[in-house]
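As provided, final.cif (mmCIF, C-alpha atoms) reads as follows.
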data_query
#
loop_
_atom_site.label_atom_id
_atom_site.label_comp_id
_atom_site.auth_asym_id
_atom_site.auth_seq_id
_atom_site.Cartn_x
_atom_site.Cartn_y
_atom_site.Cartn_z
CA MET A 1410 7.99 8.64 1.06
CA HIS A 1411 7.82 6.33 4.08
CA VAL A 1412 5.11 5.41 6.56
CA LEU A 1413 5.81 3.98 10.01
CA LYS A 1414 3.03 1.63 11.11
CA ASN A 1415 2.26 -0.65 14.05
CA ILE A 1416 3.12 1.95 16.71
CA SER A 1417 1.63 1.03 20.08
CA THR A 1418 1.76 4.61 21.39
CA LEU A 1419 3.14 7.68 19.67
CA TYR A 1420 4.12 10.48 22.06
CA THR A 1421 4.05 13.55 19.84
CA CYS A 1422 5.20 16.06 22.52
CA CYS A 1423 3.64 19.14 20.95
CA MET A 1424 4.27 22.51 22.58
CA GLU A 1425 0.62 23.10 23.51
CA GLY A 1426 -0.44 22.53 27.10
CA PRO A 1427 1.48 22.33 30.37
CA GLN A 1428 4.65 20.37 31.21
CA ASP A 1429 2.84 17.02 31.37
CA SER A 1430 0.98 17.37 28.04
CA ILE A 1431 2.75 15.04 25.61
CA HIS A 1432 -0.24 14.36 23.33
CA PRO A 1433 -0.11 10.55 22.93
CA ILE A 1434 -1.77 8.74 20.04
CA GLU A 1435 -2.58 5.05 20.37
CA ASN A 1436 -2.16 2.69 17.40
CA ALA A 1437 -0.53 5.46 15.42
CA ALA A 1438 1.27 5.96 12.13
CA ILE A 1439 3.58 8.67 10.82
CA VAL A 1440 4.48 9.60 7.25
CA TRP A 1441 7.64 11.39 6.20
CA SER A 1442 9.44 12.42 3.02
CA GLU A 1443 12.43 14.58 2.17
CA GLY A 1444 13.47 14.65 5.81
CA ALA A 1445 10.24 16.02 7.27
CA PHE A 1446 6.98 14.68 8.70
CA ASP A 1447 4.02 14.82 6.29
CA TRP A 1448 1.25 13.30 8.38
CA VAL A 1449 0.69 12.07 11.96
CA GLY A 1450 -2.33 10.25 13.35
CA LYS A 1451 -4.07 6.97 14.00
CA GLU A 1452 -3.09 4.22 11.57
CA SER A 1453 -6.77 3.51 10.91
CA GLU A 1454 -7.12 7.08 9.64
CA LEU A 1455 -4.13 7.02 7.28
CA PRO A 1456 -5.17 8.98 4.16
CA GLU A 1457 -5.44 7.09 0.88
CA LYS A 1458 -2.63 9.07 -0.75
CA TYR A 1459 -0.16 7.62 1.79
CA GLN A 1460 -1.28 4.00 1.52
CA SER A 1461 1.33 3.23 -1.14
CA ALA A 1462 4.24 4.77 0.79
CA GLN A 1463 7.11 2.45 1.69
CA ALA A 1464 6.05 0.83 4.97
CA VAL A 1465 8.28 0.53 8.03
CA ASP A 1466 7.20 -1.70 10.93
CA ALA A 1467 7.48 -0.26 14.46
CA LYS A 1468 6.89 -3.80 15.79
CA GLY A 1469 4.32 -2.63 18.30
CA HIS A 1470 6.84 -0.44 20.11
CA ILE A 1471 6.43 3.13 21.34
CA VAL A 1472 7.74 6.11 19.38
CA ILE A 1473 9.01 9.42 20.76
CA PRO A 1474 10.60 12.49 19.16
CA GLY A 1475 14.36 12.42 18.87
CA LEU A 1476 15.88 13.38 22.21
CA ILE A 1477 17.57 16.78 22.46
CA ASP A 1478 20.56 17.20 24.76
CA CYS A 1479 20.52 20.98 25.16
CA HIS A 1480 23.62 21.33 27.38
CA THR A 1481 26.90 19.48 26.74
CA HIS A 1482 30.63 20.13 26.65
CA LEU A 1483 31.30 17.53 23.96
CA CYS A 1484 34.79 18.56 22.80
CA PHE A 1485 37.57 18.30 25.38
CA GLY A 1486 41.01 16.87 25.91
CA GLY A 1487 41.72 14.21 28.53
CA TRP A 1488 39.48 13.01 31.36
CA ARG A 1489 39.42 13.65 35.15
CA PRO A 1490 38.86 10.33 36.93
CA ASP A 1491 41.02 11.35 39.91
CA GLU A 1492 38.47 14.01 40.85
CA PHE A 1493 35.83 11.30 41.12
CA GLU A 1494 37.78 9.75 44.00
CA MET A 1495 38.52 13.17 45.52
CA ARG A 1496 34.82 13.98 45.73
CA ILE A 1497 34.10 10.59 47.29
CA ARG A 1498 36.73 11.41 49.91
CA GLY A 1499 34.94 14.66 50.70
CA GLU A 1500 36.60 17.33 48.57
CA SER A 1501 34.19 19.95 47.26
CA TYR A 1502 33.85 21.12 43.65
CA LEU A 1503 35.20 24.56 44.60
CA ASN A 1504 38.17 23.17 46.56
CA ILE A 1505 39.14 20.93 43.64
CA ALA A 1506 38.98 23.94 41.33
CA LYS A 1507 41.04 26.11 43.68
CA ALA A 1508 43.68 23.37 43.85
CA GLY A 1509 44.20 23.51 40.08
CA GLY A 1510 41.79 20.75 39.15
CA GLY A 1511 38.38 21.14 37.64
CA ILE A 1512 37.93 23.16 34.49
CA LEU A 1513 41.53 24.36 34.32
CA SER A 1514 42.79 20.79 34.27
CA THR A 1515 40.72 20.13 31.15
CA VAL A 1516 41.82 23.44 29.66
CA LYS A 1517 45.44 22.26 29.83
CA SER A 1518 44.59 18.95 28.13
CA THR A 1519 42.47 20.61 25.46
CA ARG A 1520 45.13 23.15 24.60
CA GLU A 1521 47.67 20.34 24.21
CA ALA A 1522 45.41 18.28 21.92
CA SER A 1523 45.47 18.80 18.17
CA PHE A 1524 42.37 19.59 16.14
CA GLU A 1525 42.49 16.08 14.66
CA GLU A 1526 42.71 14.46 18.11
CA LEU A 1527 39.79 16.49 19.42
CA TYR A 1528 37.72 15.75 16.34
CA GLU A 1529 38.27 11.98 16.47
CA LYS A 1530 37.46 11.85 20.18
CA SER A 1531 34.32 13.97 19.79
CA ALA A 1532 33.16 11.96 16.77
CA SER A 1533 33.58 8.71 18.69
CA LEU A 1534 31.55 10.10 21.58
CA LEU A 1535 28.88 11.42 19.24
CA ARG A 1536 28.43 8.01 17.62
CA ASN A 1537 27.68 6.54 21.04
CA ILE A 1538 25.34 9.40 21.95
CA ILE A 1539 23.30 8.82 18.80
CA GLN A 1540 22.70 5.19 19.76
CA LEU A 1541 20.90 6.45 22.88
CA GLY A 1542 18.26 8.27 20.84
CA VAL A 1543 19.75 11.78 20.75
CA THR A 1544 19.20 13.55 17.42
CA THR A 1545 20.15 17.11 18.44
CA ILE A 1546 23.02 18.09 20.72
CA GLU A 1547 24.12 21.49 21.94
CA CYS A 1548 27.93 21.70 22.17
CA LYS A 1549 29.90 24.28 24.12
CA SER A 1550 33.47 25.47 23.82
CA GLY A 1551 35.06 26.73 27.04
CA TYR A 1552 38.08 24.45 27.45
CA GLY A 1553 40.43 26.57 25.36
CA LEU A 1554 40.22 30.02 26.95
CA THR A 1555 42.44 31.52 24.26
CA LEU A 1556 41.13 32.77 20.95
CA GLN A 1557 43.00 30.03 19.08
CA ASP A 1558 41.87 27.19 21.32
CA GLU A 1559 38.26 28.31 21.60
CA ILE A 1560 38.12 28.48 17.81
CA LYS A 1561 39.69 25.01 17.65
CA GLN A 1562 36.80 23.57 19.65
CA LEU A 1563 34.13 25.40 17.67
CA LYS A 1564 35.66 24.25 14.38
CA VAL A 1565 35.50 20.66 15.66
CA TYR A 1566 31.74 21.16 16.01
CA LYS A 1567 31.53 22.65 12.54
CA LYS A 1568 33.27 19.62 11.03
CA LEU A 1569 31.07 17.24 13.04
CA GLN A 1570 27.98 18.95 11.65
CA GLU A 1571 29.32 18.46 8.13
CA ASN A 1572 29.84 14.73 8.71
CA PHE A 1573 26.84 13.70 10.85
CA THR A 1574 23.10 13.78 10.12
CA VAL A 1575 22.16 14.92 13.62
CA ASP A 1576 21.93 18.62 14.45
CA LEU A 1577 24.75 20.21 16.45
CA ILE A 1578 24.07 23.57 18.11
CA PRO A 1579 27.38 25.37 18.83
CA THR A 1580 27.74 27.62 21.88
CA PHE A 1581 30.68 29.90 22.71
CA LEU A 1582 31.69 29.52 26.37
CA GLY A 1583 34.90 31.51 26.55
CA ALA A 1584 33.62 32.78 29.90
CA HIS A 1585 33.86 29.35 31.54
CA THR A 1586 36.49 30.40 34.08
CA ILE A 1587 39.51 32.71 34.31
CA PRO A 1588 42.57 30.97 32.79
CA SER A 1589 45.74 30.68 34.85
CA GLU A 1590 47.68 33.25 32.83
CA PHE A 1591 45.05 35.88 33.70
CA LYS A 1592 44.56 34.99 37.38
CA ASP A 1593 45.92 38.41 38.39
CA ASN A 1594 44.27 40.25 35.52
CA ARG A 1595 40.56 39.41 35.36
CA LYS A 1596 39.77 42.58 33.44
CA GLY A 1597 42.36 41.65 30.84
CA TYR A 1598 40.68 38.32 30.16
CA ILE A 1599 37.20 39.84 30.06
CA ASP A 1600 38.50 42.43 27.58
CA LEU A 1601 39.88 39.57 25.47
CA ILE A 1602 36.47 37.87 25.44
CA VAL A 1603 34.58 41.07 24.66
CA HIS A 1604 36.90 42.65 22.10
CA GLU A 1605 38.50 39.67 20.35
CA MET A 1606 36.77 36.35 20.99
CA ILE A 1607 33.12 37.34 20.63
CA PRO A 1608 33.62 39.46 17.47
CA TYR A 1609 35.64 36.71 15.78
CA VAL A 1610 33.22 33.91 16.71
CA ALA A 1611 30.25 35.96 15.53
CA HIS A 1612 31.90 37.12 12.29
CA GLN A 1613 32.91 33.56 11.40
CA ASN A 1614 29.43 32.24 12.35
CA LEU A 1615 30.95 29.62 14.63
CA ALA A 1616 28.34 29.78 17.39
CA GLN A 1617 24.67 30.53 17.87
CA PHE A 1618 24.80 31.20 21.62
CA CYS A 1619 27.11 32.77 24.18
CA ASP A 1620 27.12 31.08 27.57
CA ILE A 1621 28.80 32.10 30.83
CA PHE A 1622 29.43 30.40 34.16
CA VAL A 1623 28.14 32.72 36.89
CA GLU A 1624 29.59 31.45 40.16
CA GLU A 1625 32.08 32.29 42.93
CA SER A 1626 34.83 30.35 41.16
CA ALA A 1627 34.02 31.83 37.75
CA PHE A 1628 32.31 35.16 36.87
CA SER A 1629 30.34 37.74 38.82
CA ILE A 1630 26.97 39.17 37.84
CA ASP A 1631 28.53 42.44 36.66
CA GLU A 1632 31.17 40.61 34.62
CA ALA A 1633 28.51 38.38 33.11
CA ARG A 1634 26.34 41.34 32.18
CA THR A 1635 29.26 42.97 30.36
CA ILE A 1636 30.08 39.82 28.41
CA LEU A 1637 26.49 38.93 27.52
CA ASN A 1638 25.69 42.47 26.38
CA ALA A 1639 28.71 42.33 24.07
CA ALA A 1640 27.58 38.96 22.76
CA MET A 1641 24.09 40.24 22.01
CA GLU A 1642 25.53 43.24 20.17
CA HIS A 1643 27.23 40.74 17.87
CA GLY A 1644 24.13 38.59 17.36
CA LEU A 1645 24.87 35.77 19.81
CA GLU A 1646 21.93 34.77 22.00
CA PRO A 1647 22.66 34.52 25.76
CA LYS A 1648 22.61 31.44 27.96
CA LEU A 1649 23.80 31.09 31.57
CA HIS A 1650 25.19 28.52 33.95
CA ALA A 1651 23.27 29.93 36.90
CA ASP A 1652 22.83 29.37 40.66
CA GLN A 1653 24.43 25.93 40.73
CA LEU A 1654 26.43 26.10 43.96
CA SER A 1655 24.97 29.26 45.46
CA ASP A 1656 22.18 31.74 44.85
CA GLY A 1657 24.25 34.32 43.03
CA GLY A 1658 21.46 36.05 41.15
CA GLY A 1659 22.08 34.17 37.91
CA ALA A 1660 18.39 33.52 37.26
CA GLU A 1661 17.59 37.20 37.71
CA LEU A 1662 20.33 38.12 35.24
CA ALA A 1663 19.04 35.53 32.77
CA ALA A 1664 15.66 37.24 32.89
CA GLU A 1665 17.21 40.69 32.64
CA VAL A 1666 19.07 39.90 29.41
CA GLY A 1667 16.30 37.72 27.97
CA ALA A 1668 18.44 34.59 27.94
CA ARG A 1669 17.27 31.57 26.00
CA SER A 1670 17.90 29.40 29.05
CA ALA A 1671 19.29 29.38 32.58
CA ASP A 1672 20.93 26.04 33.40
CA HIS A 1673 21.61 24.22 36.71
CA LEU A 1674 19.53 26.40 39.09
CA GLU A 1675 19.91 24.08 42.08
CA GLN A 1676 20.10 27.12 44.41
CA VAL A 1677 17.75 29.42 42.51
CA SER A 1678 15.66 31.90 44.47
CA ASP A 1679 11.89 32.29 44.28
CA GLU A 1680 12.43 35.80 42.91
CA GLY A 1681 14.71 34.40 40.21
CA LEU A 1682 12.05 31.91 39.16
CA LYS A 1683 9.40 34.62 39.11
CA ARG A 1684 11.49 36.74 36.77
CA MET A 1685 12.36 33.79 34.54
CA ALA A 1686 8.68 33.00 34.12
CA GLU A 1687 7.91 36.62 33.25
CA ARG A 1688 10.58 36.61 30.51
CA ASN A 1689 9.85 33.05 29.31
CA VAL A 1690 13.36 31.83 30.10
CA THR A 1691 13.62 28.03 29.96
CA GLY A 1692 15.09 26.36 33.03
CA VAL A 1693 17.45 23.45 32.28
CA THR A 1694 17.97 20.80 34.92
CA LEU A 1695 21.29 18.91 34.86
CA PRO A 1696 20.84 16.09 37.38
CA ILE A 1697 23.90 14.07 36.33
CA ALA A 1698 26.03 16.95 37.63
CA SER A 1699 24.28 16.68 40.99
CA LEU A 1700 24.84 12.92 40.96
CA TYR A 1701 28.59 13.24 40.44
CA THR A 1702 29.27 16.34 42.54
CA GLN A 1703 27.07 15.02 45.36
CA GLN A 1704 25.22 18.33 45.49
CA PRO A 1705 21.47 18.79 46.04
CA TYR A 1706 19.27 18.07 43.02
CA LEU A 1707 17.08 20.77 41.51
CA ASN A 1708 13.46 20.40 42.59
CA CYS A 1709 11.95 20.86 39.14
CA LYS A 1710 8.45 21.04 40.60
CA ARG A 1711 9.36 24.47 41.96
CA LEU A 1712 10.00 25.65 38.41
CA VAL A 1713 6.84 24.14 36.98
CA ASP A 1714 4.75 25.61 39.78
CA ALA A 1715 6.37 29.00 39.12
CA GLY A 1716 5.42 28.86 35.45
CA VAL A 1717 8.90 28.06 34.11
CA ASP A 1718 9.22 25.49 31.32
CA VAL A 1719 11.74 22.82 32.34
CA ALA A 1720 14.18 21.15 29.96
CA VAL A 1721 16.62 18.38 30.88
CA ALA A 1722 20.15 17.76 29.61
CA THR A 1723 23.21 15.72 30.56
CA ASP A 1724 25.81 18.48 31.08
CA PHE A 1725 28.23 15.91 29.62
CA ASN A 1726 31.78 16.95 30.50
CA PRO A 1727 34.94 15.20 31.77
CA GLY A 1728 34.66 16.37 35.37
CA SER A 1729 31.33 17.09 37.02
CA ALA A 1730 29.09 15.07 34.66
CA PRO A 1731 31.09 12.40 32.79
CA SER A 1732 28.03 10.68 31.30
CA PHE A 1733 26.22 11.43 28.03
CA ASN A 1734 23.29 9.14 28.85
CA MET A 1735 20.09 11.13 28.36
CA HIS A 1736 18.00 8.25 29.71
CA LEU A 1737 19.99 8.48 32.96
CA ALA A 1738 19.39 12.23 33.11
CA MET A 1739 15.67 11.66 32.56
CA MET A 1740 15.40 8.94 35.19
CA LEU A 1741 17.15 11.22 37.72
CA THR A 1742 14.77 14.03 36.79
CA CYS A 1743 11.89 11.76 37.73
CA ASN A 1744 13.39 10.40 40.94
CA HIS A 1745 15.09 13.53 42.26
CA GLY A 1746 13.62 16.38 40.23
CA ARG A 1747 10.11 15.13 41.07
CA LEU A 1748 8.78 15.32 37.53
CA THR A 1749 6.53 12.57 36.16
CA PRO A 1750 7.68 10.55 33.14
CA ALA A 1751 5.38 12.61 30.93
CA GLU A 1752 6.75 15.90 32.28
CA THR A 1753 10.28 14.59 31.85
CA LEU A 1754 9.73 13.49 28.25
CA LYS A 1755 8.47 16.96 27.38
CA ALA A 1756 11.58 18.32 29.11
CA ALA A 1757 13.82 16.19 26.86
CA THR A 1758 12.04 17.03 23.61
CA ILE A 1759 10.06 20.17 22.81
CA TYR A 1760 11.23 22.16 25.84
CA SER A 1761 14.84 21.21 25.12
CA ALA A 1762 14.23 22.37 21.56
CA LYS A 1763 12.99 25.65 23.00
CA ALA A 1764 16.18 25.93 25.08
CA VAL A 1765 18.21 25.98 21.85
CA ALA A 1766 15.74 28.11 19.84
CA MET A 1767 14.77 25.17 17.61
CA GLU A 1768 11.20 24.52 18.77
CA LYS A 1769 9.74 25.41 15.36
CA LYS A 1770 11.89 22.82 13.60
CA ILE A 1771 12.39 19.90 16.01
CA GLY A 1772 11.27 18.50 19.36
CA SER A 1773 7.86 17.14 18.45
CA ILE A 1774 6.30 14.84 15.87
CA GLU A 1775 4.19 17.18 13.76
CA PRO A 1776 3.78 17.76 10.01
CA GLY A 1777 6.47 20.06 8.67
CA LYS A 1778 9.03 19.34 11.37
CA SER A 1779 12.26 17.43 10.90
CA ALA A 1780 11.61 13.67 10.88
CA ASP A 1781 13.61 12.94 14.04
CA PHE A 1782 12.18 10.06 16.06
CA VAL A 1783 13.09 7.06 18.18
CA ILE A 1784 11.47 3.62 18.31
CA ILE A 1785 11.79 2.05 21.76
CA ASN A 1786 11.11 -1.57 22.67
CA THR A 1787 9.13 -0.94 25.84
CA PRO A 1788 5.44 -1.31 26.82
CA ASP A 1789 4.94 2.38 27.56
CA LEU A 1790 6.63 5.58 28.68
CA ASN A 1791 6.37 4.86 32.40
CA PHE A 1792 8.08 1.49 32.02
CA TRP A 1793 10.92 3.01 30.01
CA MET A 1794 11.59 5.69 32.63
CA TYR A 1795 11.22 3.37 35.60
CA HIS A 1796 13.24 0.37 34.39
CA PHE A 1797 16.55 2.08 33.69
CA GLY A 1798 18.56 0.02 31.25
CA GLY A 1799 15.80 -2.52 30.82
CA SER A 1800 14.30 -1.21 27.59
CA LYS A 1801 16.06 -1.16 24.25
CA ILE A 1802 16.37 1.67 21.77
CA ASP A 1803 15.28 -0.18 18.64
CA ARG A 1804 15.92 2.42 15.94
CA VAL A 1805 16.86 6.11 15.73
CA TYR A 1806 15.97 8.35 12.78
CA ALA A 1807 17.22 11.87 12.04
CA LYS A 1808 15.80 13.85 9.13
CA GLY A 1809 14.02 10.67 8.09
CA VAL A 1810 17.21 8.63 7.81
CA ARG A 1811 17.99 5.72 10.12
CA ILE A 1812 21.18 6.64 12.00
CA SER A 1813 21.37 3.90 14.65
CA GLU A 1814 23.23 0.65 14.15
#

Rendering of file as structure tokens:
Amino acid sequence: MHVLKNISTLYTCCMEGPQDSIHPIENAAIVWSEGAFDWVGKESELPEKYQSAQAVDAKGHIVIPGLIDCHTHLCFGGWRPDEFEMRIRGESYLNIAKAGGGILSTVKSTREASFEELYEKSASLLRNIIQLGVTTIECKSGYGLTLQDEIKQLKVYKKLQENFTVDLIPTFLGAHTIPSEFKDNRKGYIDLIVHEMIPYVAHQNLAQFCDIFVEESAFSIDEARTILNAAMEHGLEPKLHADQLSDGGGAELAAEVGARSADHLEQVSDEGLKRMAERNVTGVTLPIASLYTQQPYLNCKRLVDAGVDVAVATDFNPGSAPSFNMHLAMMLTCNHGRLTPAETLKAATIYSAKAVAMEKKIGSIEPGKSADFVIINTPDLNFWMYHFGGSKIDRVYAKGVRISE
């Protein structure tokens, strides 16, 4: 049993209350054992039975729950730095994709990479992600687009989970785009997803969610409905890339199928937000994608005002969001998404846990939950958010074990 003392402010980030309710405790202490929190409160009120627990000194720093990156594409072959210059020169995301770049470029590299190469690259990335305070990471496939190569990615995630203390949440994204070999046979590829990929992934328990990219360059609403209904029949919970580049009705579909989350949403309609709120669909903002694609940022205040819980994630991928820095995503959510630091912290913790159906286990510092927390050398939450790069992650714990260097 351990007790963390000398915490200046503990931000517990419980689910109760609105987006800005993060339930801070001044001069706090937390107790954990066997990977879970036992007690949380003011240090002066620490019960007698915990007084003899092994003490850990927070050094007067703040403590937050472990960050949850609820939307990433962690496993991929190659990188796409040339597209960075192309966008600077004025090429659009869709034009790059139509010219053979974008997702299909990474598909080629991922297919060519061996399982071992993909694992070593993903493991190296994950080690760096952990140092930034992330203790749970959702990981999508979607760069294989064949049964064999989609499984290859998902098995990388399975091996990572076996070898790392952090939680990995696997998501099947076979419906990321239409692969080149099916460009004249869309129905053939959709049939492959529905009748071969989804049943295999579900039977082998390789993914918890099924995601789909609903956009002009990817899949239509009707195609998405077919794929997501098949996924749900096999026990995979739906997620959507929705309304990123145009208002294509993705938010409305997310509500219709009861999706766990709708992600991107930069062009979401008021009607889409209304329906998401009615069905309790979490909206996930991905501001690093807006930064790199030079597209408008999501005004997260619209979602909050509509009654939609907002989560934030990096969208880490080799093309449109080549950064896994959750602090960067949070700072951008403040500056461009118009959320306060408190609202943004809740977006990166308990609401991100909700976006991956883990809110009962992680995302807040409460008795019974996994002992995932981060000690940050900063005066307070506002300073950490405002002074990007100026505050240091002191220590990171997952399941009560220190995992940072």

Could you tell me which residues the PyMOL selection byres ((chain A and resi 1501) around 12) grabs in this file, written as a VMD selection string?
chain A and resid 1492 to 1500 1502 to 1508 1510 to 1511 1654 1701 to 1704 1729

Any chance you can output those residues with C-alpha atoms as a PDB file, in the coordinates of the input?
ATOM      1  CA  GLU A1492      38.470  14.010  40.850  1.00  0.00           C
ATOM      2  CA  PHE A1493      35.830  11.300  41.120  1.00  0.00           C
ATOM      3  CA  GLU A1494      37.780   9.750  44.000  1.00  0.00           C
ATOM      4  CA  MET A1495      38.520  13.170  45.520  1.00  0.00           C
ATOM      5  CA  ARG A1496      34.820  13.980  45.730  1.00  0.00           C
ATOM      6  CA  ILE A1497      34.100  10.590  47.290  1.00  0.00           C
ATOM      7  CA  ARG A1498      36.730  11.410  49.910  1.00  0.00           C
ATOM      8  CA  GLY A1499      34.940  14.660  50.700  1.00  0.00           C
ATOM      9  CA  GLU A1500      36.600  17.330  48.570  1.00  0.00           C
ATOM     10  CA  TYR A1502      33.850  21.120  43.650  1.00  0.00           C
ATOM     11  CA  LEU A1503      35.200  24.560  44.600  1.00  0.00           C
ATOM     12  CA  ASN A1504      38.170  23.170  46.560  1.00  0.00           C
ATOM     13  CA  ILE A1505      39.140  20.930  43.640  1.00  0.00           C
ATOM     14  CA  ALA A1506      38.980  23.940  41.330  1.00  0.00           C
ATOM     15  CA  LYS A1507      41.040  26.110  43.680  1.00  0.00           C
ATOM     16  CA  ALA A1508      43.680  23.370  43.850  1.00  0.00           C
ATOM     17  CA  GLY A1510      41.790  20.750  39.150  1.00  0.00           C
ATOM     18  CA  GLY A1511      38.380  21.140  37.640  1.00  0.00           C
ATOM     19  CA  LEU A1654      26.430  26.100  43.960  1.00  0.00           C
ATOM     20  CA  TYR A1701      28.590  13.240  40.440  1.00  0.00           C
ATOM     21  CA  THR A1702      29.270  16.340  42.540  1.00  0.00           C
ATOM     22  CA  GLN A1703      27.070  15.020  45.360  1.00  0.00           C
ATOM     23  CA  GLN A1704      25.220  18.330  45.490  1.00  0.00           C
ATOM     24  CA  SER A1729      31.330  17.090  37.020  1.00  0.00           C
TER      25      SER A1729
END

Counting only C-alpha atoms, figure out which residue out of A:Tyr1552, A:Phe1733, A:Tyr1760, A:Phe1792 gets nearest to A:Pro1427.
A:Tyr1760

Taking the file as I've supplied it (selection: the PyMOL selection byres ((chain A and resi 1554) around 9)), which residues are included? Please answer as a ChimeraX atom specification.
/A:1516,1520,1550-1553,1555-1559,1582-1588,1598,1602

Go through A:Ile1802, A:Leu1483, A:Ile1431, A:Ile1477 one by one, measure the shortest atom-to-atom distance of each to A:Gly1728 using all atoms listed in the file, and give the residue with the smallest value.
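Checking each candidate against A:Gly1728, we get A:Leu1483 as the closest.
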
Can you spell out as a ChimeraX atom specification the set of residues that the PyMOL selection byres ((chain A and resi 1717) around 8) selects in the structure I just provided?
/A:1682,1685-1686,1689-1692,1712-1716,1718-1719

I'd like the neighbourhood of stretch 1607-1617 of chain A as a PDB file with C-alpha atoms, keeping the file's coordinate frame, where a residue qualifies if any of its atoms comes within 8 Å (using all atoms listed in the file), though same-chain residues fewer than 6 positions away should be ignored.
ATOM      1  CA  ILE A1560      38.120  28.480  17.810  1.00  0.00           C
ATOM      2  CA  LEU A1563      34.130  25.400  17.670  1.00  0.00           C
ATOM      3  CA  LYS A1564      35.660  24.250  14.380  1.00  0.00           C
ATOM      4  CA  LYS A1567      31.530  22.650  12.540  1.00  0.00           C
ATOM      5  CA  ILE A1578      24.070  23.570  18.110  1.00  0.00           C
ATOM      6  CA  PRO A1579      27.380  25.370  18.830  1.00  0.00           C
ATOM      7  CA  THR A1580      27.740  27.620  21.880  1.00  0.00           C
ATOM      8  CA  PHE A1581      30.680  29.900  22.710  1.00  0.00           C
ATOM      9  CA  ALA A1639      28.710  42.330  24.070  1.00  0.00           C
ATOM     10  CA  ALA A1640      27.580  38.960  22.760  1.00  0.00           C
ATOM     11  CA  HIS A1643      27.230  40.740  17.870  1.00  0.00           C
ATOM     12  CA  GLY A1644      24.130  38.590  17.360  1.00  0.00           C
ATOM     13  CA  LEU A1645      24.870  35.770  19.810  1.00  0.00           C
ATOM     14  CA  GLU A1646      21.930  34.770  22.000  1.00  0.00           C
TER      15      GLU A1646
END

When you draw a straight line from atom CA of A:Leu1535 to atom CA of A:Ala1663, how long is it in Å?
29.3 Å

Show me, as a VMD selection string, the residues that have an atom within 9 Å of A:Leu1737 when counting all atoms listed in the file, minus same-chain residues fewer than 2 positions from it.
chain A and resid 1696 to 1697 1723 1732 to 1735 1739 to 1742 1794 1797 to 1798

Can I get the selection written as a compact mmCIF listing (two decimals), in the frame of the given file, with C-alpha atoms?
# COMPACT_ATOMS: atom_id res chain seq x y z
CA PRO A 1696 20.84 16.09 37.38
CA ILE A 1697 23.90 14.07 36.33
CA THR A 1723 23.21 15.72 30.56
CA SER A 1732 28.03 10.68 31.30
CA PHE A 1733 26.22 11.43 28.03
CA ASN A 1734 23.29 9.14 28.85
CA MET A 1735 20.09 11.13 28.36
CA MET A 1739 15.67 11.66 32.56
CA MET A 1740 15.40 8.94 35.19
CA LEU A 1741 17.15 11.22 37.72
CA THR A 1742 14.77 14.03 36.79
CA MET A 1794 11.59 5.69 32.63
CA PHE A 1797 16.55 2.08 33.69
CA GLY A 1798 18.56 0.02 31.25

With distances taken over all atoms listed in the file, which of A:Asn1594, A:Cys1479, A:Lys1549, A:Ile1416 is nearest to A:Glu1452?
A:Ile1416

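Shortest separation to A:Glu1768 among A:Lys1458, A:Arg1684, A:Arg1669, A:Arg1804 occurs at residue A:Arg1669, atoms counted being only C-alpha atoms.
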
Residue list as number ranges by chain for point (14.0, 22.2, 21.5), cut-off 12 Å, all atoms listed in the file
A: 1422-1424, 1474-1480, 1543-1547, 1576, 1578, 1669-1670, 1691, 1693, 1718-1722, 1754-1773, 1778-1779, 1781

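Rounded to one decimal, atom CA of A:Thr1421 and atom CA of A:Gly1799 lie 22.7 Å from each other.
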
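Across A:Ala1698, A:Leu1662, A:Val1465, A:Ala1627, the tightest approach to A:Met1410 is made by A:Val1465 when counting all atoms listed in the file.
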
Reconstruct N, CA and C atoms of stretch 1728-1735 of chain A from the incomplete input and present them as a CSV table (one decimal), in the frame of the given file.
chain,number,residue,atom,x,y,z
A,1728,GLY,N,34.5,16.2,33.9
A,1728,GLY,CA,34.7,16.4,35.4
A,1728,GLY,C,33.4,16.2,36.2
A,1729,SER,N,32.5,17.1,36.1
A,1729,SER,CA,31.3,17.1,37.0
A,1729,SER,C,30.2,16.3,36.5
A,1730,ALA,N,30.2,15.9,35.2
A,1730,ALA,CA,29.1,15.1,34.7
A,1730,ALA,C,29.6,14.2,33.5
A,1731,PRO,N,30.4,13.2,33.8
A,1731,PRO,CA,31.1,12.4,32.8
A,1731,PRO,C,30.2,11.3,32.2
A,1732,SER,N,28.9,11.6,31.9
A,1732,SER,CA,28.0,10.7,31.3
A,1732,SER,C,27.2,11.4,30.3
A,1733,PHE,N,27.1,10.8,29.1
A,1733,PHE,CA,26.2,11.4,28.0
A,1733,PHE,C,24.9,10.7,27.9
A,1734,ASN,N,24.5,10.0,28.9
A,1734,ASN,CA,23.3,9.1,28.8
A,1734,ASN,C,22.0,10.0,29.2
A,1735,MET,N,21.3,10.3,28.1
A,1735,MET,CA,20.1,11.1,28.4
A,1735,MET,C,19.0,10.4,29.1
